[in-house]
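What follows is one structure encoded as structure tokens, with my remarks underneath.
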Amino acid sequence: MYKFLFSLSVSCLSIAASAQQTQSEAQPDRDAGEEALAEIIAGQGGPAPVPPEQRREIEFVAREDGGADVITVTATGFSLDPDNTGQSVTVIGRDEIAAIQGADLTRVFARLPGVTSVRNGSIGSFTGLNVRGAASEQLLVLIDGVRVADQASPGGGFDFGTLLATNVASLDLTRGANSTIWGADALGGVLNVSTRGAAGLDASLEYGARDTLTSVVSGGVEGDRYFVGLSGSALRTDGFSAAANGTEKDGTRQFGLGGSAFFDVTDAVELFANARYAESDLDIDGFAPPSFAFGDTLDTQHTRQYSGAVGATYYGQNLTLRGSYGLSDTERSNDNPVTGPSFASDGHTDSLQVRGEYRAIGGLTLAFGGEQYWSSYATDSDAGADVSITGGYLQAGWVLGGLAAHAGARLDDHELFGSEVSFGGDISYALGGGWRVRGSVGEGFKAPTLFQLFSDFGNEDLQPERSTSYDLGIALGDRNAPLYVAVTGFRRDSEDLIGFASCFQNPAPICASRPFGYYENTDRARAQGIEVEGSAIVTEGLRISGLYSLIDTEDRASGNELARRPRHAATIFADYTAPFGASFGADLRLVGDSFDNASNSVELDGYTVFDLRASVPVTTGVELFGRVENVFDENYQTAAGYAQAGRGAFVGVRTRM
């Protein structure tokens, strides 16, 4: 599979180098009825109906093609202009991801305010995302609208080490609890990752430091009533020792495939399907006998993931309905060539979902939906288990002139612990002159994972983790405007957080059957702070942007800071396009000190990473690109004992047809 993708990329690049683009594109006109309805709704301040030729662009993808075309789906579950929500939303589109270059998704995450990442070694290693101080497993992650959490992992989160930036078309992040729309797991926020897929052909081949080779092919065909897209990417790298004190290189071999299809049965009914498959082999370090000190080992980890959905959408004049079936699965196995297999697990989720949106008169919109999902897990050390959750929500939205507001509630019923009610609301108001003030309040909950309930450390008396978040901000323009400024203050209070309790000298009755320890609801936490963003076109072709986050976290029981949550994080980046078409860019990431553990006894030093990049067009549709990562060869760690990449140079060629 790796050789196939590499060979196909080289072939596509060779063909494109001699090809000339001669075709032109024309947009079909809407009929008179659609135009009249759009004018009426626009006069009421509500959303216009989506014409058939644009539906496939927003079915799952939050695109960033500039200005008013930016769309979020994580805020309400349906496509929405971010100006019409009071929630904190950031959308990073395909062009920006391509400009950043490379397969390392953490370099893209650095442009999301309030976000820091943690990685256990080189690209492909476990990677978690902390949003506004929330734990990585408290972020609900969707890929093309499908939940992808690993149900067999202890915390039930998603490992971003299995996802390459080269497979991503856009990131749509809502910061703050949003269980009203999305149900369980949305304590810290909701991130929807849209995979690649567009008409035409896009291919690239890149080689660089640590013998890293990345290959990407993406393409699609479309007609008046259909679209079919397919993408594939592969990466191999010798890497470096995951253990900071080690010398053995820990490499990665990874590839991913993704596809999507849409078919308009009628002008009002559309069928859709999407699928993703990813497989990786990763060298890992650990605690080898006889010393059991962290360092080099011969251990490897094989991971296989797949997810997808099929469904249909009805687009009426005042009503939109969408129904779908989705699934996701993550299989992991650890092995050692000397001692043999050491661990294997499989986590799986099936879901049925119905969402609707009714556009009433006067700018009033009613959003509603229901979902049931079934989760299961199994490992080689226990029998596994399964559980189901059923939920439904109703949200009222009102848009009138410069005012937009939403309020809603959701009821979820868990097979084991019963019902959970979540409330949420937001408001946004245009002050004039491009300024807008916004605010939101939301509740979130996270059901105990199957591992926390039923494993050898499980506790079936666990209750859900709960959080309430608030934010208030003001903004001028958006990320694509000539001048953009945004300031947001936020706070999140969490309770009933699940932690691990040792049974050493512990008289608790549960220790009789859990001699090594168990999970319990004991912890409370608080996270509060401020996010500042800014962007400006300084001169023709030059844009300078930056963001800064101050995040103050506290374990309310001990008074300590939450582990691996830096108090300060900032990114400054600049992009310049020369008159002759070449582009140049620089990214500076600054992260402050933090603690690696809950007791705050192990400190992680802050770090500064500087990247340079450039791209030069060679001919129509073909460009050369390259970058130097970590120019100053900063030596740093995001998790104690795990090394991060030093200086590295990369060069590649890309074609678009």
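Ordering of the structure tokens sets the chain letters (A, B, ...), residue numbers begin anew at 1 in every chain, and ligands are numbered from 1 in the order given.
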Closest pair table for range 74-122 of chain A residues within 9 Å of range 133-155 of chain A, only C-alpha atoms, as a tab-separated table:
```
residue	atom	partner	partner_atom	distance
A:Gly114	CA	A:Gly133	CA	7.8
A:Val115	CA	A:Gly133	CA	8.0
A:Thr116	CA	A:Gly133	CA	8.5
A:Ser117	CA	A:Ser136	CA	8.5
A:Val118	CA	A:Ser136	CA	8.8
```
Any chance you can output those residues with all heavy atoms as a PDB file, in the first residue's frame?
```pdb
ATOM      1  N   GLY A 114      -6.372  28.858  22.727  1.00  0.00           N
ATOM      2  CA  GLY A 114      -6.758  28.077  23.896  1.00  0.00           C
ATOM      3  C   GLY A 114      -6.403  26.617  23.806  1.00  0.00           C
ATOM      4  O   GLY A 114      -6.873  25.817  24.627  1.00  0.00           O
ATOM      5  N   VAL A 115      -5.549  26.241  22.851  1.00  0.00           N
ATOM      6  CA  VAL A 115      -5.257  24.828  22.596  1.00  0.00           C
ATOM      7  C   VAL A 115      -3.766  24.556  22.767  1.00  0.00           C
ATOM      8  O   VAL A 115      -2.926  25.307  22.263  1.00  0.00           O
ATOM      9  CB  VAL A 115      -5.696  24.431  21.176  1.00  0.00           C
ATOM     10  CG1 VAL A 115      -5.204  23.032  20.828  1.00  0.00           C
ATOM     11  CG2 VAL A 115      -7.212  24.499  21.055  1.00  0.00           C
ATOM     12  N   THR A 116      -3.435  23.493  23.479  1.00  0.00           N
ATOM     13  CA  THR A 116      -2.068  22.975  23.553  1.00  0.00           C
ATOM     14  C   THR A 116      -2.118  21.473  23.300  1.00  0.00           C
ATOM     15  O   THR A 116      -3.147  20.829  23.510  1.00  0.00           O
ATOM     16  CB  THR A 116      -1.416  23.246  24.921  1.00  0.00           C
ATOM     17  OG1 THR A 116      -2.229  22.675  25.955  1.00  0.00           O
ATOM     18  CG2 THR A 116      -1.256  24.741  25.164  1.00  0.00           C
ATOM     19  N   SER A 117      -1.003  20.928  22.825  1.00  0.00           N
ATOM     20  CA  SER A 117      -0.963  19.504  22.506  1.00  0.00           C
ATOM     21  C   SER A 117       0.136  18.810  23.298  1.00  0.00           C
ATOM     22  O   SER A 117       1.118  19.429  23.710  1.00  0.00           O
ATOM     23  CB  SER A 117      -0.747  19.285  21.001  1.00  0.00           C
ATOM     24  OG  SER A 117       0.443  19.900  20.568  1.00  0.00           O
ATOM     25  N   VAL A 118      -0.039  17.512  23.504  1.00  0.00           N
ATOM     26  CA  VAL A 118       0.913  16.662  24.219  1.00  0.00           C
ATOM     27  C   VAL A 118       1.203  15.463  23.343  1.00  0.00           C
ATOM     28  O   VAL A 118       0.283  14.833  22.808  1.00  0.00           O
ATOM     29  CB  VAL A 118       0.348  16.195  25.574  1.00  0.00           C
ATOM     30  CG1 VAL A 118       1.323  15.270  26.267  1.00  0.00           C
ATOM     31  CG2 VAL A 118       0.016  17.387  26.458  1.00  0.00           C
TER      32      VAL A 118
END
```
Excluding range 603-608 of chain A and any residue of its chain fewer than 2 positions from it, enumerate the residues within 7 Å of it, using only C-alpha atoms, and give them as a PyMOL selection string.
chain A and resi 589-596+600-601+610+634+636-637+640
Write to file, as a PDB file, in the first residue's frame, the residues of the selection just made, with C-alpha atoms.
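Saved to part32.pdb:
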```pdb
ATOM      1  CA  ARG A 589       5.310  28.944  18.862  1.00  0.00           C
ATOM      2  CA  LEU A 590       5.933  29.906  22.504  1.00  0.00           C
ATOM      3  CA  VAL A 591       4.676  27.710  25.363  1.00  0.00           C
ATOM      4  CA  GLY A 592       5.216  28.374  29.066  1.00  0.00           C
ATOM      5  CA  ASP A 593       6.160  26.106  31.963  1.00  0.00           C
ATOM      6  CA  SER A 594       3.817  23.423  33.283  1.00  0.00           C
ATOM      7  CA  PHE A 595       3.811  20.391  35.556  1.00  0.00           C
ATOM      8  CA  ASP A 596       3.858  16.816  34.325  1.00  0.00           C
ATOM      9  CA  ASN A 600       3.192  19.183  40.703  1.00  0.00           C
ATOM     10  CA  SER A 601       6.491  17.577  41.663  1.00  0.00           C
ATOM     11  CA  PHE A 610      10.461  28.551  15.127  1.00  0.00           C
ATOM     12  CA  GLU A 634      15.045  23.619  20.681  1.00  0.00           C
ATOM     13  CA  TYR A 636      11.937  20.339  24.842  1.00  0.00           C
ATOM     14  CA  GLN A 637       9.318  17.928  26.157  1.00  0.00           C
ATOM     15  CA  ALA A 640       8.232  14.152  30.936  1.00  0.00           C
TER      16      ALA A 640
END
```
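Residues of range 349-576 of chain A carrying a DSSP assignment of alpha helix (DSSP H), computed from the backbone, are Leu450, Phe451, Gln452, Leu453 and Phe454 of chain A.
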For the residues in that selection, give me all heavy atoms as a short mmCIF file (atom, residue, chain, number, x, y, z; two decimals), in the first residue's frame.
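So the final result, stored in result10.cif, reads:
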```cif
data_model
loop_
_atom_site.label_atom_id
_atom_site.label_comp_id
_atom_site.auth_asym_id
_atom_site.auth_seq_id
_atom_site.Cartn_x
_atom_site.Cartn_y
_atom_site.Cartn_z
N LEU A 450 -16.01 2.52 29.26
CA LEU A 450 -16.21 1.09 29.52
C LEU A 450 -15.05 0.51 30.30
O LEU A 450 -15.23 -0.36 31.16
CB LEU A 450 -16.39 0.36 28.18
CG LEU A 450 -17.69 0.66 27.44
CD1 LEU A 450 -17.64 0.11 26.03
CD2 LEU A 450 -18.88 0.12 28.19
N PHE A 451 -13.84 1.00 30.04
CA PHE A 451 -12.67 0.53 30.80
C PHE A 451 -12.80 0.93 32.26
O PHE A 451 -12.51 0.14 33.16
CB PHE A 451 -11.40 1.12 30.19
CG PHE A 451 -10.13 0.57 30.76
CD1 PHE A 451 -9.52 -0.55 30.19
CD2 PHE A 451 -9.53 1.14 31.87
CE1 PHE A 451 -8.35 -1.07 30.71
CE2 PHE A 451 -8.36 0.62 32.40
CZ PHE A 451 -7.77 -0.49 31.83
N GLN A 452 -13.25 2.17 32.51
CA GLN A 452 -13.40 2.64 33.89
C GLN A 452 -14.52 1.90 34.62
O GLN A 452 -14.49 1.77 35.85
CB GLN A 452 -13.68 4.14 33.89
CG GLN A 452 -12.49 4.97 33.45
CD GLN A 452 -12.86 6.41 33.16
OE1 GLN A 452 -14.04 6.73 32.96
NE2 GLN A 452 -11.87 7.29 33.12
N LEU A 453 -15.49 1.40 33.88
CA LEU A 453 -16.61 0.70 34.51
C LEU A 453 -16.34 -0.79 34.72
O LEU A 453 -16.68 -1.34 35.77
CB LEU A 453 -17.86 0.87 33.64
CG LEU A 453 -18.53 2.24 33.62
CD1 LEU A 453 -19.56 2.31 32.49
CD2 LEU A 453 -19.20 2.54 34.96
N PHE A 454 -15.74 -1.45 33.71
CA PHE A 454 -15.77 -2.92 33.70
C PHE A 454 -14.41 -3.61 33.67
O PHE A 454 -14.36 -4.84 33.74
CB PHE A 454 -16.57 -3.40 32.49
CG PHE A 454 -17.99 -2.91 32.47
CD1 PHE A 454 -18.41 -2.02 31.50
CD2 PHE A 454 -18.89 -3.32 33.44
CE1 PHE A 454 -19.72 -1.57 31.47
CE2 PHE A 454 -20.20 -2.87 33.43
CZ PHE A 454 -20.61 -1.99 32.45
#
```
Point out the residue among A:Phe126, A:Phe490, A:Phe272, A:Tyr277 with the least atom-to-atom distance to Thr252 in chain A, counting only C-alpha atoms.
A:Phe126
Residue set, range 99-234 of chain A restricted to strand (DSSP E), as number ranges by chain
A: 115-119, 127-131, 139-143, 146-147, 168-175, 189-195, 200-208, 212-222, 226-234
Any chance you could tabulate, as a Markdown table, the residues of range 181-223 of chain A at most 12 Å from range 414-435 of chain A with each one's nearest atom pair and distance in Å to one decimal, using only C-alpha atoms, in chain and rising number order?
```
| residue | atom | partner | partner_atom | distance |
| --- | --- | --- | --- | --- |
| A:Ile181 | CA | A:Gly424 | CA | 8.6 |
| A:Trp182 | CA | A:Ser422 | CA | 10.1 |
| A:Gly183 | CA | A:Ser422 | CA | 8.0 |
| A:Ala184 | CA | A:Glu420 | CA | 9.3 |
| A:Asp185 | CA | A:Ser422 | CA | 12.0 |
| A:Ala186 | CA | A:Ser422 | CA | 10.8 |
| A:Leu187 | CA | A:Ser422 | CA | 10.9 |
```
Expected file contents, prior selection, C-alpha atoms, as a JSON list (two decimals), in the first residue's frame:
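Okay, again.json is ready:
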```json
[["chain", "number", "residue", "atom", "x", "y", "z"],
["A", 181, "ILE", "CA", -26.17, 19.53, 20.80],
["A", 182, "TRP", "CA", -23.64, 16.68, 20.92],
["A", 183, "GLY", "CA", -24.40, 14.78, 24.12],
["A", 184, "ALA", "CA", -21.74, 12.83, 26.00],
["A", 185, "ASP", "CA", -18.01, 13.71, 25.93],
["A", 186, "ALA", "CA", -18.35, 17.40, 24.97],
["A", 187, "LEU", "CA", -17.01, 18.81, 28.26]]
```
For Val89 in chain A, please output as a compact mmCIF listing (two decimals) with all heavy atoms, in the first residue's frame all residues within 9 Å (counting only C-alpha atoms; exclusion window: fewer than 2 positions along the same chain).
```
# COMPACT_ATOMS: atom_id res chain seq x y z
N THR A 72 -19.43 26.84 10.16
CA THR A 72 -19.20 25.95 11.29
C THR A 72 -20.36 24.97 11.41
O THR A 72 -21.51 25.31 11.14
CB THR A 72 -19.05 26.73 12.61
OG1 THR A 72 -18.92 25.80 13.69
CG2 THR A 72 -20.25 27.62 12.88
N THR A 74 -19.97 22.58 14.22
CA THR A 74 -19.88 22.10 15.60
C THR A 74 -20.73 22.93 16.55
O THR A 74 -21.06 22.47 17.65
CB THR A 74 -18.42 22.12 16.08
OG1 THR A 74 -17.90 23.45 15.98
CG2 THR A 74 -17.57 21.19 15.25
N ALA A 75 -21.07 24.17 16.17
CA ALA A 75 -21.81 25.03 17.09
C ALA A 75 -23.26 24.57 17.26
O ALA A 75 -23.78 24.53 18.38
CB ALA A 75 -21.78 26.47 16.60
N PRO A 82 -20.35 31.62 11.46
CA PRO A 82 -19.91 31.82 12.84
C PRO A 82 -20.38 33.14 13.45
O PRO A 82 -20.46 33.25 14.68
CB PRO A 82 -18.38 31.78 12.73
CG PRO A 82 -18.12 30.92 11.53
CD PRO A 82 -19.23 31.24 10.57
N THR A 85 -23.48 32.86 15.87
CA THR A 85 -23.45 32.13 17.13
C THR A 85 -22.60 32.90 18.13
O THR A 85 -21.63 33.56 17.76
CB THR A 85 -22.88 30.70 16.95
OG1 THR A 85 -22.82 30.05 18.22
CG2 THR A 85 -21.50 30.71 16.35
N GLY A 86 -22.97 32.80 19.40
CA GLY A 86 -22.18 33.43 20.44
C GLY A 86 -21.09 32.53 20.97
O GLY A 86 -20.31 32.94 21.84
N GLN A 87 -20.99 31.29 20.47
CA GLN A 87 -19.96 30.37 20.91
C GLN A 87 -18.61 30.72 20.28
O GLN A 87 -18.54 31.36 19.23
CB GLN A 87 -20.35 28.94 20.55
CG GLN A 87 -21.64 28.48 21.23
CD GLN A 87 -21.97 27.04 20.92
OE1 GLN A 87 -21.27 26.13 21.35
NE2 GLN A 87 -23.04 26.82 20.18
N VAL A 91 -12.35 28.06 12.60
CA VAL A 91 -12.32 27.17 11.45
C VAL A 91 -11.01 27.41 10.69
O VAL A 91 -10.69 28.54 10.34
CB VAL A 91 -13.51 27.41 10.50
CG1 VAL A 91 -13.43 26.48 9.29
CG2 VAL A 91 -14.82 27.20 11.24
N ASP A 172 -12.78 22.33 12.47
CA ASP A 172 -13.86 23.19 12.97
C ASP A 172 -13.97 22.94 14.47
O ASP A 172 -14.46 21.90 14.90
CB ASP A 172 -15.15 22.84 12.24
CG ASP A 172 -16.36 23.59 12.76
OD1 ASP A 172 -16.20 24.45 13.65
OD2 ASP A 172 -17.47 23.34 12.25
N LEU A 173 -13.47 23.89 15.27
CA LEU A 173 -13.41 23.71 16.72
C LEU A 173 -14.32 24.70 17.43
O LEU A 173 -14.22 25.91 17.23
CB LEU A 173 -11.98 23.91 17.21
CG LEU A 173 -11.78 23.91 18.74
CD1 LEU A 173 -12.08 22.53 19.32
CD2 LEU A 173 -10.37 24.37 19.11
N THR A 174 -15.21 24.17 18.26
CA THR A 174 -15.99 24.98 19.20
C THR A 174 -15.41 24.76 20.59
O THR A 174 -15.35 23.62 21.06
CB THR A 174 -17.47 24.59 19.17
OG1 THR A 174 -18.03 24.96 17.91
CG2 THR A 174 -18.24 25.31 20.26
N ARG A 175 -14.98 25.85 21.22
CA ARG A 175 -14.37 25.77 22.55
C ARG A 175 -15.43 26.04 23.61
O ARG A 175 -16.14 27.04 23.55
CB ARG A 175 -13.22 26.79 22.65
CG ARG A 175 -12.18 26.59 21.57
CD ARG A 175 -11.01 27.55 21.68
NE ARG A 175 -11.36 28.95 21.54
CZ ARG A 175 -11.62 29.55 20.38
NH1 ARG A 175 -11.60 28.85 19.26
NH2 ARG A 175 -11.92 30.83 20.33
```
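CA of Tyr315 in chain A to CA of Gln353 in chain A spans 16.8 Å [interatomic distance, one decimal].
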Close residues, Ala383 in chain A itself excluded, 10 Å, only C-alpha atoms, min 3 positions apart in chain, as a ChimeraX atom specification:
/A:377-380,454-456
Go ahead and write the selection's residues with N, CA and C atoms as a tab-separated table (two decimals), in the first residue's frame.
```
chain	number	residue	atom	x	y	z
A	377	TYR	N	-16.16	-2.72	24.03
A	377	TYR	CA	-14.71	-2.85	24.06
A	377	TYR	C	-14.34	-4.26	24.48
A	378	ALA	N	-13.13	-4.66	24.11
A	378	ALA	CA	-12.59	-5.94	24.54
A	378	ALA	C	-11.08	-5.83	24.55
A	379	THR	N	-10.44	-6.49	25.49
A	379	THR	CA	-8.99	-6.58	25.54
A	379	THR	C	-8.59	-8.02	25.76
A	380	ASP	N	-7.29	-8.29	25.63
A	380	ASP	CA	-6.84	-9.66	25.84
A	380	ASP	C	-6.72	-10.02	27.31
A	454	PHE	N	-15.74	-1.45	33.71
A	454	PHE	CA	-15.77	-2.92	33.70
A	454	PHE	C	-14.41	-3.61	33.67
A	455	SER	N	-13.33	-2.88	33.57
A	455	SER	CA	-12.02	-3.53	33.52
A	455	SER	C	-11.64	-4.07	34.90
A	456	ASP	N	-10.43	-4.58	35.01
A	456	ASP	CA	-9.94	-5.08	36.30
A	456	ASP	C	-9.81	-3.96	37.32
```
Pick out the residues sitting within 6 Å of range 99-109 of chain A, and hand them over as a ChimeraX atom specification; count only C-alpha atoms, and ignore anything fewer than 3 positions along from it in its own chain.
/A:96,112,164-166
With only C-alpha atoms as the atoms that count, which of A:Ser333, A:Ser307, A:Ser494, A:Ser79 lies nearest to Arg526 in chain A?
A:Ser494
Just the residues within 8 Å of range 542-553 of chain A, please, counting only C-alpha atoms, with nothing from its chain fewer than 4 positions along; format it as a ChimeraX atom specification.
/A:111,113-114,132-133,525-538,561-562,565-577
Could you dump the residues just selected with N, CA, C and O atoms as a CSV table (one decimal), in the first residue's frame?
```
chain,number,residue,atom,x,y,z
A,111,ARG,N,-2.3,27.0,15.8
A,111,ARG,CA,-3.1,28.2,15.4
A,111,ARG,C,-4.5,28.2,16.0
A,111,ARG,O,-5.3,29.1,15.6
A,113,PRO,N,-6.7,29.0,19.2
A,113,PRO,CA,-6.6,29.7,20.5
A,113,PRO,C,-7.1,28.8,21.6
A,113,PRO,O,-8.0,28.0,21.4
A,114,GLY,N,-6.4,28.9,22.7
A,114,GLY,CA,-6.8,28.1,23.9
A,114,GLY,C,-6.4,26.6,23.8
A,114,GLY,O,-6.9,25.8,24.6
A,132,ARG,N,-8.7,24.8,26.4
A,132,ARG,CA,-9.0,25.6,27.6
A,132,ARG,C,-8.8,24.9,28.9
A,132,ARG,O,-9.5,25.0,29.8
A,133,GLY,N,-7.7,24.1,28.9
A,133,GLY,CA,-7.4,23.4,30.2
A,133,GLY,C,-8.1,22.1,30.4
A,133,GLY,O,-7.8,21.4,31.4
A,525,ALA,N,-12.4,20.5,39.4
A,525,ALA,CA,-11.4,21.4,38.8
A,525,ALA,C,-12.0,22.7,38.3
A,525,ALA,O,-13.2,22.8,38.0
A,526,ARG,N,-11.1,23.6,38.1
A,526,ARG,CA,-11.5,24.9,37.5
A,526,ARG,C,-10.5,25.3,36.5
A,526,ARG,O,-9.3,25.2,36.7
A,527,ALA,N,-10.9,25.9,35.4
A,527,ALA,CA,-10.0,26.5,34.4
A,527,ALA,C,-10.6,27.8,33.9
A,527,ALA,O,-11.8,27.9,33.6
A,528,GLN,N,-9.8,28.8,33.9
A,528,GLN,CA,-10.3,30.1,33.5
A,528,GLN,C,-9.1,30.9,32.8
A,528,GLN,O,-8.0,30.6,33.1
A,529,GLY,N,-9.5,31.9,32.0
A,529,GLY,CA,-8.4,32.6,31.4
A,529,GLY,C,-8.9,33.5,30.3
A,529,GLY,O,-10.1,33.9,30.3
A,530,ILE,N,-8.0,33.9,29.4
A,530,ILE,CA,-8.3,34.8,28.3
A,530,ILE,C,-7.6,34.4,27.1
A,530,ILE,O,-6.5,33.8,27.1
A,531,GLU,N,-8.3,34.6,25.9
A,531,GLU,CA,-7.7,34.3,24.6
A,531,GLU,C,-7.7,35.6,23.8
A,531,GLU,O,-8.7,36.3,23.8
A,532,VAL,N,-6.6,35.9,23.2
A,532,VAL,CA,-6.4,37.1,22.4
A,532,VAL,C,-6.0,36.7,21.0
A,532,VAL,O,-5.0,35.9,20.9
A,533,GLU,N,-6.6,37.2,20.0
A,533,GLU,CA,-6.3,36.9,18.6
A,533,GLU,C,-6.2,38.2,17.8
A,533,GLU,O,-6.9,39.2,18.1
A,534,GLY,N,-5.3,38.2,16.8
A,534,GLY,CA,-5.2,39.3,15.9
A,534,GLY,C,-4.6,39.0,14.6
A,534,GLY,O,-3.8,38.0,14.5
A,535,SER,N,-5.0,39.7,13.6
A,535,SER,CA,-4.5,39.5,12.2
A,535,SER,C,-4.6,40.8,11.4
A,535,SER,O,-5.6,41.5,11.6
A,536,ALA,N,-3.6,41.1,10.6
A,536,ALA,CA,-3.7,42.3,9.8
A,536,ALA,C,-2.9,42.1,8.5
A,536,ALA,O,-1.8,41.5,8.5
A,537,ILE,N,-3.4,42.7,7.4
A,537,ILE,CA,-2.7,42.8,6.2
A,537,ILE,C,-1.8,44.1,6.3
A,537,ILE,O,-2.3,45.2,6.3
A,538,VAL,N,-0.5,43.9,6.6
A,538,VAL,CA,0.4,45.0,6.8
A,538,VAL,C,0.7,45.8,5.6
A,538,VAL,O,0.7,47.0,5.5
A,561,GLU,N,-2.0,22.9,40.2
A,561,GLU,CA,-2.3,23.1,38.8
A,561,GLU,C,-2.6,21.7,38.1
A,561,GLU,O,-2.0,20.7,38.5
A,562,LEU,N,-3.4,21.7,37.1
A,562,LEU,CA,-3.7,20.5,36.4
A,562,LEU,C,-2.4,20.1,35.6
A,562,LEU,O,-1.8,21.0,35.0
A,565,ARG,N,-0.8,21.4,31.6
A,565,ARG,CA,-1.6,22.5,31.1
A,565,ARG,C,-0.8,23.8,31.3
A,565,ARG,O,-0.8,24.4,32.3
A,566,PRO,N,0.0,24.1,30.3
A,566,PRO,CA,0.8,25.4,30.3
A,566,PRO,C,-0.1,26.6,30.6
A,566,PRO,O,-1.2,26.7,30.0
A,567,ARG,N,0.4,27.5,31.4
A,567,ARG,CA,-0.4,28.7,31.8
A,567,ARG,C,-0.4,29.7,30.6
A,567,ARG,O,-1.4,30.4,30.3
A,568,HIS,N,0.7,29.7,29.9
A,568,HIS,CA,0.9,30.6,28.7
A,568,HIS,C,1.2,29.9,27.4
A,568,HIS,O,2.0,28.9,27.4
A,569,ALA,N,0.5,30.3,26.4
A,569,ALA,CA,0.8,29.7,25.0
A,569,ALA,C,0.5,30.8,24.0
A,569,ALA,O,-0.5,31.5,24.1
A,570,ALA,N,1.4,30.9,23.0
A,570,ALA,CA,1.2,31.9,22.0
A,570,ALA,C,1.8,31.4,20.7
A,570,ALA,O,2.7,30.6,20.6
A,571,THR,N,1.2,31.9,19.6
A,571,THR,CA,1.7,31.6,18.2
A,571,THR,C,1.7,32.9,17.4
A,571,THR,O,0.7,33.6,17.4
A,572,ILE,N,2.8,33.2,16.8
A,572,ILE,CA,2.9,34.3,15.9
A,572,ILE,C,3.3,33.8,14.5
A,572,ILE,O,4.2,33.0,14.4
A,573,PHE,N,2.5,34.1,13.5
A,573,PHE,CA,2.8,33.6,12.1
A,573,PHE,C,2.6,34.7,11.1
A,573,PHE,O,1.7,35.6,11.2
A,574,ALA,N,3.4,34.6,10.1
A,574,ALA,CA,3.4,35.6,9.0
A,574,ALA,C,3.4,34.9,7.6
A,574,ALA,O,4.1,33.9,7.5
A,575,ASP,N,2.7,35.4,6.7
A,575,ASP,CA,2.6,34.9,5.3
A,575,ASP,C,2.8,36.0,4.3
A,575,ASP,O,2.1,37.0,4.4
A,576,TYR,N,3.7,35.8,3.4
A,576,TYR,CA,3.9,36.8,2.3
A,576,TYR,C,3.9,36.2,1.0
A,576,TYR,O,4.5,35.1,0.7
A,577,THR,N,3.1,36.7,0.1
A,577,THR,CA,3.0,36.3,-1.3
A,577,THR,C,3.6,37.3,-2.2
A,577,THR,O,3.1,38.5,-2.3
```
With only C-alpha atoms as the basis for distance, which of A:Ala198, A:Val193, A:Val609, A:Ala243 is at the shortest distance from Asp296 in chain A?
A:Ala243
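The list of residues with at least one atom within 9 Å of Tyr519 in chain A, based on only C-alpha atoms and without residues fewer than 3 positions apart in the same chain, reads Gln452, Leu453, Phe457, Gly458, Asn459, Leu462, Ile498, Gly499, Phe500, Ala501 and Ser502 of chain A.
Nearest residue to Ile123 in chain A among A:His406, A:Gly585, A:Ala645, A:Tyr358 is A:Ala645, counting only C-alpha atoms.
Closest to Ala475 in chain A among A:Gly444, A:Trp374, A:Asp83, A:Val216 is A:Asp83, based on only C-alpha atoms.
Distance annotation: of A:Ile97, A:Leu205, A:Ala312, A:Ile389, the residue with the minimal separation from Phe625 in chain A is A:Leu205; atom set is only C-alpha atoms.
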